[in-house]
Amino acid sequence: MKLYYHLDPQGNVGDDLNPWLWRLLLPQYFSGTVVHDPRLREADITDEALFVGIGTLLNQHVPALPKKAVFGTGAGYGPTPHLDDSWIVYCVRGPLTAARLGLAPETAVTDAAALCAVLDLGPCSVEHAFSFMPHCSTAKSGAWQQVCEDLAINYIDPRWPVERVFRAIRSTGTLITEAMHGAILADTFRVPWVSVSTSPGILEFKWQDWCRSLGMEHEWVRLPTLWTDGGEGGFLSRSKSYIKHRLARRQLQQVSRRARPTLSNEQRFRDAVGELQLRLERFKTDVETGRYG
């Protein structure tokens, strides 16, 4: 069996959790990896079974022929796949994914990244009242890192290695995040969080899907879109950038002072993690009894 996930060449903790987490929870189960983007695959995938885990992966890019174990995965980007006998669904991210795929409501548990709660990560003290974590696409400009420095708000880059992101989230009092897996990890580590958006292109469906799996409703705080001109733009471009940065500083400061953080109900979260563990044991039994060949 191979581990199937999206690979961002620049790194993205929500995707990078896959090789990091599953090799801890499922040691020696995988003979290799298959990436979600067909353009990055070395060859067509026809035979060896796939474990489809963390991410918004359930679309037309999942190979049709091999058997597929779906565990805590979400839909939302692109057409949904036709679920034939090659699909073995243990659980999905939330009720919206289950409905979109025509699955029974009990298939919706929560995002599989919640299994990070079962890891022994040791103690961690709070070092920052607030941290800000952008979406990986937003992080590429570096503009929000400068805003955070101006406000003395800790900055967390979603492209950092998994362990570094874990430490940064666990050491913050409240996480302001545009990255959904920033919110998922914060909720998993019982760190209150506030979701923000700087772009209309970020998918609301996946946020609602995950939030509803834990009995929460999702609502974004809107922040301005920022860019950097590297000092090469003309006067008008630099002036616009300066004004936008001032607006961003003011609005992010208002979020830190006024926004009401979210945290899922403790018992509901623990119940979801327990259900993920039960279904992971079911998957292990299926592997051991030859269901995947």
# chains A, B, ... in the order shown; residues from 1 in each chain; ligands from 1
call {"tool": "residues_around", "arguments": {"residues": "Arg291 in chain A", "least_positions_apart": "6", "cutoff": "12 Å", "atoms": "only C-alpha atoms", "output": "CSV table (one decimal) with C-alpha atoms, in the first residue's frame"}}
result
chain,number,residue,atom,x,y,z
A,1,MET,CA,0.0,0.0,0.0
A,49,ALA,CA,-3.6,0.1,-3.0
A,67,LYS,CA,-8.2,0.1,-4.1
A,68,LYS,CA,-8.4,3.2,-1.9
A,69,ALA,CA,-8.7,3.5,1.8
A,85,ASP,CA,-16.0,-1.1,-5.2
A,86,SER,CA,-12.4,0.2,-5.3
A,87,TRP,CA,-13.3,2.8,-2.6
A,88,ILE,CA,-13.3,1.7,1.1
A,282,ARG,CA,-10.7,-1.3,11.7
A,283,PHE,CA,-8.4,-0.3,8.8
A,284,LYS,CA,-5.5,-2.2,10.4
A,285,THR,CA,-7.6,-5.3,10.7
call {"tool": "residues_around", "arguments": {"residues": "Arg270 in chain A", "least_positions_apart": "5", "cutoff": "12 Å", "atoms": "only C-alpha atoms", "output": "NGL selection string"}}
result
:A and (109-110 or 114-118 or 187-190 or 214 or 264-265 or 275-277)
call {"tool": "select_by_dssp", "arguments": {"residues": "range 98-277 of chain A", "states": "strand (DSSP E or B)", "output": "PyMOL selection string"}}
result
chain A and resi 108+128-133+154-155+172-177+193-197+221-222+262
call {"tool": "write_last_selection", "arguments": {"atoms": "C-alpha atoms", "output": "short mmCIF file (atom, residue, chain, number, x, y, z; two decimals), in the first residue's frame"}}
result
data_model
loop_
_atom_site.label_atom_id
_atom_site.label_comp_id
_atom_site.auth_asym_id
_atom_site.auth_seq_id
_atom_site.Cartn_x
_atom_site.Cartn_y
_atom_site.Cartn_z
CA ALA A 108 -18.44 11.99 8.86
CA HIS A 128 3.00 34.34 22.88
CA ALA A 129 -0.40 35.86 23.58
CA PHE A 130 -1.23 35.78 19.86
CA SER A 131 0.22 34.16 16.77
CA PHE A 132 -0.77 34.66 13.15
CA MET A 133 -0.64 31.88 10.55
CA ASN A 154 4.22 35.97 16.63
CA TYR A 155 4.30 34.77 13.01
CA THR A 172 0.55 30.51 21.71
CA GLY A 173 -2.44 31.71 23.69
CA THR A 174 -4.72 32.37 20.70
CA LEU A 175 -4.03 31.51 17.07
CA ILE A 176 -5.26 33.85 14.34
CA THR A 177 -5.20 31.69 11.25
CA TRP A 193 -8.35 30.16 17.40
CA VAL A 194 -9.80 32.86 15.17
CA SER A 195 -10.18 32.28 11.43
CA VAL A 196 -9.39 35.08 8.99
CA SER A 197 -9.31 35.38 5.23
CA VAL A 221 -12.93 37.83 9.85
CA ARG A 222 -11.94 39.54 6.61
CA THR A 262 -13.32 29.50 18.97
#
call {"tool": "residues_around", "arguments": {"residues": "Ile54 in chain A", "least_positions_apart": "3", "cutoff": "10 Å", "atoms": "only C-alpha atoms", "output": "list in words"}}
result
Tyr4, Tyr5, His6, Gly14, Asp15, Asp16, Leu17, Asn18, Pro19, Leu21, Trp22, Phe51, Leu57, Val70, Phe71, Gly72, Thr73, Gly74, Val92, Arg93, Asp111, Ala112, Ala113, Ala114 and His181 of chain A
call {"tool": "write_last_selection", "arguments": {"atoms": "C-alpha atoms", "output": "PDB file, in the first residue's frame"}}
result
ATOM      1  CA  TYR A   4      -1.514   9.223  -1.120  1.00  0.00           C
ATOM      2  CA  TYR A   5      -1.389  12.961  -0.456  1.00  0.00           C
ATOM      3  CA  HIS A   6      -0.876  16.377  -1.992  1.00  0.00           C
ATOM      4  CA  GLY A  14      -1.628  20.532   6.194  1.00  0.00           C
ATOM      5  CA  ASP A  15      -0.215  18.288   3.485  1.00  0.00           C
ATOM      6  CA  ASP A  16       3.114  17.508   5.125  1.00  0.00           C
ATOM      7  CA  LEU A  17       1.274  16.038   8.107  1.00  0.00           C
ATOM      8  CA  ASN A  18       0.631  12.949   5.999  1.00  0.00           C
ATOM      9  CA  PRO A  19       4.101  11.397   5.813  1.00  0.00           C
ATOM     10  CA  LEU A  21       1.773  11.429  11.138  1.00  0.00           C
ATOM     11  CA  TRP A  22       0.891   8.232   9.321  1.00  0.00           C
ATOM     12  CA  PHE A  51      -4.236   5.223   1.694  1.00  0.00           C
ATOM     13  CA  LEU A  57      -8.307  15.196  -1.967  1.00  0.00           C
ATOM     14  CA  VAL A  70     -10.218   6.871   2.674  1.00  0.00           C
ATOM     15  CA  PHE A  71      -9.528   8.146   6.167  1.00  0.00           C
ATOM     16  CA  GLY A  72     -10.629  11.567   7.401  1.00  0.00           C
ATOM     17  CA  THR A  73     -10.341  13.126   3.965  1.00  0.00           C
ATOM     18  CA  GLY A  74     -12.350  16.032   2.541  1.00  0.00           C
ATOM     19  CA  VAL A  92     -14.437  11.603   5.965  1.00  0.00           C
ATOM     20  CA  ARG A  93     -13.721  15.103   7.241  1.00  0.00           C
ATOM     21  CA  ASP A 111     -10.382  15.684   9.893  1.00  0.00           C
ATOM     22  CA  ALA A 112      -7.826  12.946  10.471  1.00  0.00           C
ATOM     23  CA  ALA A 113      -5.276  15.511  11.680  1.00  0.00           C
ATOM     24  CA  ALA A 114      -7.150  15.396  15.005  1.00  0.00           C
ATOM     25  CA  HIS A 181      -5.022  23.074   9.308  1.00  0.00           C
TER      26      HIS A 181
END
call {"tool": "select_by_dssp", "arguments": {"residues": "range 47-289 of chain A", "states": "alpha helix (DSSP H)", "output": "count of residues only"}}
result
94
call {"tool": "closest_residue", "arguments": {"among": "A:Asn59, A:Thr138, A:Gln146, A:Thr289", "to": "Asn12 in chain A", "atoms": "only C-alpha atoms"}}
result
A:Thr138
call {"tool": "atom_distance", "arguments": {"atom1": "CA of Leu50 in chain A", "atom2": "CA of Val13 in chain A"}}
result
20.8 Å
call {"tool": "residues_around", "arguments": {"residues": "Phe205 in chain A", "least_positions_apart": "4", "cutoff": "8 Å", "atoms": "only C-alpha atoms", "output": "NGL selection string"}}
result
:A and (76 or 96 or 209)
call {"tool": "residues_around", "arguments": {"residues": "Thr46 in chain A", "least_positions_apart": "4", "cutoff": "8 Å", "atoms": "only C-alpha atoms", "output": "PyMOL selection string"}}
result
chain A and resi 63-66
call {"tool": "residues_around", "arguments": {"residues": "Arg268 in chain A", "least_positions_apart": "6", "cutoff": "10 Å", "atoms": "only C-alpha atoms", "output": "JSON, numbers by chain"}}
result
{"A": [213, 214, 215, 274]}
call {"tool": "closest_residue", "arguments": {"among": "A:Ile169, A:Leu226, A:Met180, A:Leu83", "to": "Gln145 in chain A", "atoms": "only C-alpha atoms"}}
result
A:Leu226
call {"tool": "atom_distance", "arguments": {"atom1": "CA of Val126 in chain A", "atom2": "CA of Leu151 in chain A"}}
result
18.2 Å
call {"tool": "closest_residue", "arguments": {"among": "A:Ser137, A:His218, A:Glu288, A:Leu278", "to": "Tyr90 in chain A", "atoms": "only C-alpha atoms"}}
result
A:Leu278
call {"tool": "decode", "arguments": {"residues": "range 21-44 of chain A", "atoms": "C-alpha atoms", "output": "short mmCIF file (atom, residue, chain, number, x, y, z; two decimals), in the first residue's frame"}}
result
data_model
loop_
_atom_site.label_atom_id
_atom_site.label_comp_id
_atom_site.auth_asym_id
_atom_site.auth_seq_id
_atom_site.Cartn_x
_atom_site.Cartn_y
_atom_site.Cartn_z
CA LEU A 21 1.77 11.43 11.14
CA TRP A 22 0.89 8.23 9.32
CA ARG A 23 4.35 6.77 9.63
CA LEU A 24 4.03 7.24 13.39
CA LEU A 25 0.55 5.74 13.64
CA LEU A 26 0.94 3.15 10.86
CA PRO A 27 4.61 2.15 10.87
CA GLN A 28 5.67 -0.23 8.09
CA TYR A 29 2.28 -0.04 6.36
CA PHE A 30 3.45 1.92 3.32
CA SER A 31 5.85 0.92 0.57
CA GLY A 32 6.03 4.44 -0.85
CA THR A 33 3.99 7.50 -1.75
CA VAL A 34 1.79 8.72 -4.59
CA VAL A 35 1.17 12.45 -4.98
CA HIS A 36 -2.24 13.92 -5.73
CA ASP A 37 -1.17 16.14 -8.63
CA PRO A 38 -1.08 13.94 -11.76
CA ARG A 39 1.59 16.20 -13.27
CA LEU A 40 4.01 15.24 -10.50
CA ARG A 41 3.49 11.48 -10.70
CA GLU A 42 6.18 9.30 -12.18
CA ALA A 43 3.74 6.84 -13.80
CA ASP A 44 0.12 5.76 -13.98
#
